[in-house]
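J.: Please find one structure pasted underneath; my questions will follow.
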Amino acid sequence: MANMADKKMVDAITSMEEDFAKWYTDVVKKAELIDYSSVRGCMILRPYGYAIWENIQKELDARFKATGHENVMMPLFIPESLLQKEKDHVEGFAPEVAWVTQGGDQPLTERLCVRPTSETLFCEHYAHVVQSYRDLPKLYNQWCSVVRWEKTTRPFLRTMEFLWQEGHTMHETAQEAVEETERMLNLYAGFCADALAIPVIKGQKTEKEKFAGAQATYTIEALMHDGKALQSGTSHYFGDGFAKAFGIQFTGRDNSLQYPHQTSWGVSTRIIGAIIMTHGDNNGLKLPPYIAPTQVAVIPIASHKPGVLEKAREMTDCISAFCRVKLDDSDQSPGWKFAEYEMKGVPLRLEIGPKDLEKGQCVLVRRDTREKITTPLSELKAAIPRLLQEIHDSMYAQALARREEMTYTAATPDEFRKIAQEKPGLIRAMWCGEEACEAKLKDETGVTSRCMPFDQTPVGDVCACCGGPAKKLVIWGKAY
């Protein structure tokens, strides 16, 4: 049966070694994560794809609330005059903005922007509700969709409309706001490790790459199977720039008028693309157990034989008390089912047939290693949670080992260019701090600065571009 499953999977999905982009498209389509809509660049999240997002949302939302954040909902539309209040911000988003110019059969007196992000809406609200230091901090988060008019699109990675969460907070002091920015970045990194089995690099974006209107942008960067980086979450410190632009002031503890300090931070459905490209293989998805819609698929073998289906149903009810389980009692062959759940990345498959019934056991099959473990039915309550944790730990270790293997160090410009041309992955190299050098490296090699990592242990003393004195260690790479 295992060989039959292998053949089906190879037939269904282009190998990532042959064509990584086609492999990715095959996986998101054949695993029934998305469908294409009639609107260019917009995807339909099918139930399985949306279930992954629901589990991500549930886990992140719990972490946000544990750190004191509250959920709110802002409007979908932003008046043009409101968007224009922060110059750098509007200039940064102008190429991606979708505009509403007519309502019903009447032209609008003022264009409305379909939100690409909500800083301006939150600022308008804060101006109404922040009057005193006693009103601070405001720790808000919003779950919504946003629209950005992208020129080229790919499911999850870059779509014109996508789901995300956007946190927006206001603080009494700059120190508190900076601490919030870093706290949320660490929360994202912990979530990626604990729930998604994805190791990330934490760091600060360069001036060229930071968010429009921010004083500082922090990022978590993950490495995909093909050696490209994926920005998986960002956290921004705005200082009091937005507050001044929107006239947000409060009476401080010394009775003087002061401007609050602001942050924003977000993770989107792009993270599902990271899961696919970090863990997937030529047979399809490999889902981390903590966010897999189905953690265990129960497959009866020879279900027409006496007692098999009944026992499978009984086990499913039992297992449902401690994990997400699905019984497949359809009339498809066991081989077809093996291939189907392997393609969908279900972490554990439970097989039970007549011989297993006689022995009071079942067979558990790991998606990540395909190891088969014969397990007494009486031990499932302990065995399944243990195996799910082992699968998570193994997936994280494998992703980390791959990243370390595909991370290179360049001490000179010649070394940098040679690595960039010959080896997919990340490059640790020094930078002089000049934006012209950053742009030149992108033009010559196709790599961009992913972040200035928090660990600034130098790997040389010259800039990877110009050979001049270096100021910062940067992680460079080609990116999605």
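Residues are referred to by chain and number: the chain letter is A, B, ... according to the order shown in the structure tokens, the number counts from 1 in that chain, and ligands are numbered separately from 1 in the order shown.
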Just the residues within 8 Å of Tyr480 (chain A), please, counting only C-alpha atoms, with nothing from its chain fewer than 5 positions along; format it as an NGL selection string.
T.: :A and (157 or 228-231)
J.: Could you produce a table of the residues of region 30-99 of chain A lying within 9 Å of region 135-152 of chain A, with the nearest pair of atoms per residue and their separation in Å rounded to one decimal, using only C-alpha atoms, ordered by chain and increasing residue number, as a Markdown table?
T.:
| residue | atom | partner | partner_atom | distance |
| --- | --- | --- | --- | --- |
| A:Gly41 | CA | A:Glu150 | CA | 7.6 |
| A:Gln57 | CA | A:Trp143 | CA | 8.5 |
| A:Asp61 | CA | A:Asn141 | CA | 9.0 |
| A:Phe64 | CA | A:Asn141 | CA | 8.1 |
| A:Gly68 | CA | A:Leu139 | CA | 6.8 |
| A:His69 | CA | A:Leu139 | CA | 4.8 |
| A:Glu70 | CA | A:Tyr140 | CA | 5.0 |
| A:Asn71 | CA | A:Asn141 | CA | 4.7 |
| A:Val72 | CA | A:Gln142 | CA | 5.4 |
| A:Met73 | CA | A:Gln142 | CA | 5.7 |
| A:Met74 | CA | A:Gln142 | CA | 7.6 |
| A:Leu76 | CA | A:Val146 | CA | 8.1 |
| A:Phe93 | CA | A:Arg148 | CA | 8.4 |
| A:Pro95 | CA | A:Trp149 | CA | 7.5 |
| A:Glu96 | CA | A:Trp149 | CA | 4.4 |
| A:Val97 | CA | A:Arg148 | CA | 5.8 |
| A:Ala98 | CA | A:Trp149 | CA | 6.3 |
J.: Produce a file of the selected residues containing C-alpha atoms, as a JSON list (two decimals), in the first residue's frame.
T.:
[["chain", "number", "residue", "atom", "x", "y", "z"],
["A", 41, "GLY", "CA", -4.90, 38.01, -7.52],
["A", 57, "GLN", "CA", -5.72, 32.67, 14.70],
["A", 61, "ASP", "CA", -5.27, 35.41, 19.73],
["A", 64, "PHE", "CA", -2.30, 38.42, 22.45],
["A", 68, "GLY", "CA", -3.25, 42.34, 27.73],
["A", 69, "HIS", "CA", -4.41, 43.08, 24.18],
["A", 70, "GLU", "CA", -8.07, 43.54, 23.23],
["A", 71, "ASN", "CA", -9.71, 42.93, 19.86],
["A", 72, "VAL", "CA", -11.47, 45.77, 18.04],
["A", 73, "MET", "CA", -12.84, 46.33, 14.54],
["A", 74, "MET", "CA", -12.15, 49.34, 12.35],
["A", 76, "LEU", "CA", -12.98, 48.89, 5.73],
["A", 93, "PHE", "CA", 1.34, 52.67, 0.17],
["A", 95, "PRO", "CA", 1.18, 52.29, -5.51],
["A", 96, "GLU", "CA", -0.86, 49.53, -3.82],
["A", 97, "VAL", "CA", -4.02, 51.43, -2.87],
["A", 98, "ALA", "CA", -7.43, 50.50, -4.29]]
J.: Rounded to one decimal, what separation in Å do you get between CA of Cys432 (chain A) and CA of Glu415 (chain A)?
T.: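 Interatomic distance here is 16.3 Å.
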J.: Write out as a list of chain:residue names each polymer residue whose atoms come within 7 Å of region 187-197 of chain A, counting only C-alpha atoms; drop sequence neighbours fewer than 6 positions from it.
T.: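 Within the cut-off, the hits are A:Ile220, A:Gly233, A:Ile275, A:Pro288, A:Tyr290, A:Ile291, A:His392, A:Met395, A:Tyr396.
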J.: Take the residues just selected and output them with N, CA and C atoms as a PDB file, in the first residue's frame.
T.:
ATOM      1  N   ILE A 220      10.805  38.940  11.648  1.00  0.00           N
ATOM      2  CA  ILE A 220      11.239  37.543  11.773  1.00  0.00           C
ATOM      3  C   ILE A 220      11.328  36.990  10.354  1.00  0.00           C
ATOM      4  N   GLY A 233       6.655  37.957   9.772  1.00  0.00           N
ATOM      5  CA  GLY A 233       5.951  38.811  10.713  1.00  0.00           C
ATOM      6  C   GLY A 233       6.788  40.053  10.957  1.00  0.00           C
ATOM      7  N   ILE A 275       4.640  27.801   6.066  1.00  0.00           N
ATOM      8  CA  ILE A 275       4.479  26.416   6.538  1.00  0.00           C
ATOM      9  C   ILE A 275       4.661  25.440   5.381  1.00  0.00           C
ATOM     10  N   PRO A 288       2.530  21.098  10.809  1.00  0.00           N
ATOM     11  CA  PRO A 288       2.898  21.017  12.223  1.00  0.00           C
ATOM     12  C   PRO A 288       1.674  20.593  13.039  1.00  0.00           C
ATOM     13  N   TYR A 290       0.372  21.236  15.876  1.00  0.00           N
ATOM     14  CA  TYR A 290      -0.429  22.176  16.664  1.00  0.00           C
ATOM     15  C   TYR A 290      -1.409  22.991  15.836  1.00  0.00           C
ATOM     16  N   ILE A 291      -1.182  23.110  14.535  1.00  0.00           N
ATOM     17  CA  ILE A 291      -2.136  23.875  13.717  1.00  0.00           C
ATOM     18  C   ILE A 291      -2.780  23.007  12.632  1.00  0.00           C
ATOM     19  N   HIS A 392       6.485  17.362  16.020  1.00  0.00           N
ATOM     20  CA  HIS A 392       6.767  18.807  16.054  1.00  0.00           C
ATOM     21  C   HIS A 392       8.259  19.060  16.257  1.00  0.00           C
ATOM     22  N   MET A 395      10.300  18.139  13.182  1.00  0.00           N
ATOM     23  CA  MET A 395      10.117  19.080  12.079  1.00  0.00           C
ATOM     24  C   MET A 395      10.903  20.369  12.327  1.00  0.00           C
ATOM     25  N   TYR A 396      10.885  20.830  13.571  1.00  0.00           N
ATOM     26  CA  TYR A 396      11.643  22.049  13.902  1.00  0.00           C
ATOM     27  C   TYR A 396      13.138  21.802  13.723  1.00  0.00           C
TER      28      TYR A 396
END
J.: I'd like the neighbourhood of Ala312 (chain A) as a list in words, where a residue qualifies if any of its atoms comes within 8 Å (using only C-alpha atoms), though same-chain residues fewer than 5 positions away should be ignored.
T.: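 With the cut-off at 8 Å, the set is Val298, Ile299, Pro300, Leu327 and Ile352 of chain A.
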J.: With N, CA and C atoms kept, could you save the residues just selected as a compact mmCIF listing (two decimals), in the first residue's frame?
T.:
# COMPACT_ATOMS: atom_id res chain seq x y z
N VAL A 298 -8.01 8.35 11.04
CA VAL A 298 -8.27 6.94 11.34
C VAL A 298 -8.71 6.24 10.06
N ILE A 299 -7.96 5.21 9.66
CA ILE A 299 -8.24 4.48 8.41
C ILE A 299 -8.56 3.02 8.74
N PRO A 300 -9.81 2.61 8.62
CA PRO A 300 -10.13 1.19 8.80
C PRO A 300 -9.63 0.38 7.60
N LEU A 327 -12.30 10.25 11.15
CA LEU A 327 -12.48 8.88 10.69
C LEU A 327 -12.85 8.92 9.22
N ILE A 352 -6.24 0.41 11.34
CA ILE A 352 -6.71 -0.73 12.12
C ILE A 352 -7.49 -1.68 11.22
J.: If you take only C-alpha atoms and a cut-off of 12 Å, which residues of region 211-244 of chain A touch region 21-24 of chain A, and what are their nearest atom pairs and distances in Å to one decimal, in chain and number order, as JSON lines?
T.:
{"residue": "A:Met224", "atom": "CA", "partner": "A:Tyr24", "partner_atom": "CA", "distance": 11.3}
{"residue": "A:His225", "atom": "CA", "partner": "A:Tyr24", "partner_atom": "CA", "distance": 10.7}
{"residue": "A:Asp226", "atom": "CA", "partner": "A:Ala21", "partner_atom": "CA", "distance": 9.5}
{"residue": "A:Lys228", "atom": "CA", "partner": "A:Ala21", "partner_atom": "CA", "distance": 11.8}
J.: Need the shell around region 370-375 of chain A: protein/DNA/RNA residues with any atom at most 12 Å away, counting only C-alpha atoms. Skip same-chain ones fewer than 3 positions apart. Format as a ChimeraX atom specification?
T.: /A:2-3,5-6,283,286,338-339,342,345-352,355-357,359-367,378-384,387,391
J.: Which is closest to Pro116 (chain A) among A:Asn186, A:Thr159, A:Gln389, A:Thr412, if we use only C-alpha atoms?
T.: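 Residue with the minimum atom-to-atom distance to Pro116 (chain A): A:Thr159.
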